[in-house]
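First the structure, in the form of C-alpha cells, and then the observations on it.
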Amino acid sequence: MFAHGKIHSLDDFFTPLRSRDGRDVYFYRINGVTPEVTAFIRKYYNEALKNGVVIEGGIPNPDTRHIEYYAEVLGTTFELQKQRITADLAKWLPRMSAYTRETVADSVWDVLMGLQKDGKNIGMLKNAYIKFMCWLYYKFERVTVLLGKDNVPKILYEGEIGNYELLLMSVLTGAGCDAVLLQYRGDVTYKKLDPQSKRSELLELPGMTAFPDGYNLQSVRKELAAEEERSRLCGTPPEIKGCVNAWMTGESFDDIRTPLADRGKEQGVYYNCFMQVFGAESRLSYQSDVYRLHSEAAAAGRNVMLIDGKIPDPSPQETGTVIRHNYNRPEELIRDMASQIRANDIQLQRLMVQAFVQIMLGETDRGEPLNRLGISGVYLICWLRRFYSGLFKNWTMPRVELLLYLGTPRDHREELFLRFLARLPVDVVLLIPDHTAESTLRDELLFDKHYDFSAELDKIPRESSDLRLGTTAFLAERELDEIMYQDTGLYRNQQYGKANSITLRTMYEEIEILWNEEAKYRPNFATVNGVVSIPVIFAQVSGVKDGKASDYWKAVERLVTDDAYLITRQLPVSLNGKNPFQGQTARFIHRGGLYRDLIKAHPNYKYGYLRTEVQERILDKLELMLEQRIIKGTFENGIEHLIIQTVLDLPLEIMRKIQAADFTKVPPKLLYIKTGEGMVPPEDAIIAAFLNLMGFDVLFFAPTGYRCVASYYSRELMDEHQIGEYKYDMRVPDMSRAPEKNRKRAEKAKQGSGWSLFRRKR
C-alpha cells in the first residue's frame, strides 16, 4: 500500500511517482484560498479531468440495478478474507493488472479491518464492501486502470464528504491516488468523521481566507473555458518571440545602441527594449545624443519612426477601412478586429495578432465598456496601418526597429499603442526631457530610467541643422536660474507660461490698496507644477460715495494707471462693424471644444504673431469659457458663436497687454466706466469675463447702480460694492493725463518712504 505523505509545496502534487519520497501519495483538504491556492485548484482540476475523477455533489449510493449486477457477478455471500477480495476484483474489474489488483485489495482490506476494530458487525462490513465495489466499478473504474503509473491519478471532491465516501477515498489513496477535498464551509463536518485528521491533512498557508461567495468548480470551469476561448483568439501562435529588456544593462541610450547581434543569440528570439527615459545624463549633449541615437540606428539598416509627443487621431478615411459589426461579447469584437491585421511576413503577422489580443483582453479585464473597447481597437489598427510601412518595411527576423516618442502619452489610447508596439520587434523609447515629469504609462514590461538633470527638447532633431546646442555658460546660467527662482519667492521675467486666475472677494477700500500690488504679494498667490494661481479683482462699484462727484472721480482717476485699459464707452470691438469671423465659427467647434488647427489656419486669424504659449493660453481660456458656459445661452441659443468671434477679434491694445503680462507682477487692468442707461453690449461682457480668466483685474464703475454686465453671466462671477447714493447722467472727466500723474505720485511716495531698494511683503 501507499502511505500518506506531507507536501512541501503545492507543486508536489504534480511530481511523478518515481520522484516522490518512498511510495507517498497526498490526501489534503482545503478550507480557504490564496492566489496560489486558486491557481493550484485550477491546475489540479484540469489534471483530474484528464487523469482521474472530479466529484461534484457527492457520490450517489448504489441503486437496485447496481446491486443486482453485483450479485449476478460476485454472488450474495460475503467473506472477510483478503483472498476473496482479490478474487472478486479479478472478476469485477478485469482491466486491472495483477499488481494493481493486489494493491487495491490490500487497501480495501485495511479499511474493512479498521471498521471491524471500531466495532462494526459483519453486516455493516458487507454493506461497506458492496458500496466500495459498486463505486469502484461505476465511478472510478478509469482510475483503477491508472493506479501504479508514474503520473499519479487525481481525485477532486467538492463539498462536505460523507463517512463511506471518506472511507472510499482512503481505499483509493492507499492504492496510489492523490485526493483533494474542497470544503467551502470549513472543517466542522469533516472533523465529526475524522476528529484526529488521520485520513487526510489540512492545508494551511499564510494569508488564507475563506472561499469567496459563489466559488465552486462550476465557476472554475467557466474561467477555464473563457481562457481557452481567449487562447484561440490569437489563432496559430507565432514561432518567434521577444525578449524585452532582460538583456539590457540599464544605461538607456547605450543599450539602444547595442548592436542587435550582441543583444542575444537564441534562435527564434528578437531582443528589444521598452523604456521611459526621464531627464538627461548631460544637458549639454542631450540633443546631439538623441540625434545620434536615431541616425546611427538608421545607418545600421533599422527602420526609425520619430513622434513629437502626439499621434494624430485616425481620420474618418482611416477608420472607415476597419470593418465593424454588432458584438455581444468582447471576445467576438477582438476576434473580428484581429482578423483584419495583415503583414508581409506571416510570423510578424501572428506576432501582431497576439500582441493586439493581449492588449485588448487587458482592457476587457480592466472593465472597459464594449463600445469604448471597439474604439480603442479601431485606433490601434488604424495607427498600425499608418506606421506599418515606416516601421516594418522589409522587416526580417531578428531585426528590431526603433520608435522614439518625445514626452509622455497624451491619453490612454496612445499608451495602448505604445504598449502594443513594445510586444513587436521594435525598441519603444519615450524621451521625457523633464526629469521631474510624471508619466501615467504602466506596463509589466516597461523600464524607467531616471537622470538628475532636465534638458530642453521641443522636437526630436531630424537633421543636424535642427540641433540647438547650448554652451556650458548658457547651461550654467540656466542652473543658476533654477537655484534662484525655484521656491525662493524670487521670479525672473516671464518665468511662467501657464496661469489660472482666482477672483478675490474684497472690501471696496481694499481695491485701491491691491490695485498696484504685484500678484506675488497678493493673498492666495501660488505656483504649483509650473502653473501660477493669480489673485485678481473682478467687481462692480455701484453708486457714489457720500454723493460727492469730485471725490468719486478722483478715486477713479487714481486707478487709471499705465497697466489699465480705460473704457468710458463700449469697447471698440463692438463698433468695428462686421466681425471677420461672423458666420464662420460653426466649424471651429467640436463637442464643446475647439478645432485649434482650423482656427489658426483661418486667413483672418490675427494672433499668429504672438508667442506660441500666448496663443495657446488665449485658446485655452476661450475653450474654458465655452466649457463652463459662463455666458448665458452658450450651446443653447448660439451665443457660443458670438463668444468665439469676439475673443478672436480683440482690440490691438488689449492684445499688447496680454502679450506683455507677467503672472508674478502687477496684473493688467480693464477699467470700465458706465454712466449711461441700459446694459453694456454683450461683446463687452464677453471680453470682461475672458480677461478675468486671462489674469486681468477687471473693474466696472456704475454710478447709476444698474446691473450693467452681471446679467449676461450664468452665475455670480463678480463682486458688487455698494458705496453710496446713485447718480445719473454724470459726465466722465478727461483722464488722459491720469497715468502720468499716478506715476509721478508713486515715484514721490517711494522716495519718501525709502522704498526704492526693498519691498516689504504683505
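All residue names refer to the C-alpha cells as shown: chains lettered A, B, ... in order, residues numbered from 1 in each chain, ligands numbered from 1 in order.
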| field | 10 Å contact set for Gln358 of chain A, only C-alpha atoms, chain neighbours under 3 positions out, as a list in words | value | Arg230, Ser231, Leu233, Cys234, Ile334, Met352, Val353, Gln354, Ala355, Leu361, Gly362, Glu363, Thr364, Phe420 and Arg423 of chain A
Nearby residues (only C-alpha atoms) at most 9 Å from Tyr44 of chain A, same-chain spacing under 3 positions excluded, as an mmCIF file with N, CA and C atoms, in the first residue's frame:
```
data_model
loop_
_atom_site.group_PDB
_atom_site.id
_atom_site.type_symbol
_atom_site.label_atom_id
_atom_site.label_comp_id
_atom_site.auth_asym_id
_atom_site.auth_seq_id
_atom_site.Cartn_x
_atom_site.Cartn_y
_atom_site.Cartn_z
ATOM 1 N N PHE A 13 2.130 17.911 -5.667
ATOM 2 C CA PHE A 13 1.034 17.099 -6.196
ATOM 3 C C PHE A 13 1.299 16.666 -7.642
ATOM 4 N N PHE A 14 2.100 17.433 -8.349
ATOM 5 C CA PHE A 14 2.315 17.151 -9.772
ATOM 6 C C PHE A 14 3.675 16.494 -10.014
ATOM 7 N N ALA A 39 -4.839 29.151 -8.086
ATOM 8 C CA ALA A 39 -4.149 28.650 -9.277
ATOM 9 C C ALA A 39 -3.948 27.138 -9.184
ATOM 10 N N PHE A 40 -3.650 26.633 -7.988
ATOM 11 C CA PHE A 40 -3.473 25.191 -7.807
ATOM 12 C C PHE A 40 -4.764 24.435 -8.119
ATOM 13 N N ILE A 41 -5.892 24.932 -7.602
ATOM 14 C CA ILE A 41 -7.170 24.249 -7.821
ATOM 15 C C ILE A 41 -7.466 24.150 -9.314
ATOM 16 N N GLU A 47 -6.020 18.463 -14.272
ATOM 17 C CA GLU A 47 -5.325 17.181 -14.197
ATOM 18 C C GLU A 47 -6.295 16.057 -13.846
ATOM 19 N N ALA A 48 -7.249 16.324 -12.934
ATOM 20 C CA ALA A 48 -8.225 15.307 -12.549
ATOM 21 C C ALA A 48 -9.157 14.957 -13.711
ATOM 22 N N LEU A 49 -9.469 15.947 -14.538
ATOM 23 C CA LEU A 49 -10.296 15.655 -15.708
ATOM 24 C C LEU A 49 -9.576 14.710 -16.666
ATOM 25 N N LYS A 154 -5.555 11.535 -10.043
ATOM 26 C CA LYS A 154 -6.029 12.585 -9.126
ATOM 27 C C LYS A 154 -7.533 12.453 -8.899
ATOM 28 N N ILE A 155 -7.946 12.667 -7.658
ATOM 29 C CA ILE A 155 -9.369 12.740 -7.319
ATOM 30 C C ILE A 155 -9.616 14.102 -6.691
ATOM 31 N N LEU A 156 -10.626 14.796 -7.180
ATOM 32 C CA LEU A 156 -11.016 16.108 -6.649
ATOM 33 C C LEU A 156 -12.454 16.016 -6.185
ATOM 34 N N VAL A 180 -7.951 15.479 -3.170
ATOM 35 C CA VAL A 180 -8.125 16.818 -2.604
ATOM 36 C C VAL A 180 -9.598 17.027 -2.318
#
```
- Task: Give me, please, the distance in Å between atom CA of Phe278 of chain A and atom CA of Glu296 of chain A, quoted to one decimal.
- Result: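 A separation of 21.5 Å between them.
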Nearest to Gln628 of chain A, restricted to only C-alpha atoms and choosing among A:Arg715, A:Arg587, A:His8, A:Lys139, comes out as A:Arg715
Shell around segment 731-735 of chain A at 8 Å using only C-alpha atoms, local window under 5 positions removed, as number ranges by chain: A: 553, 557, 560, 568, 675
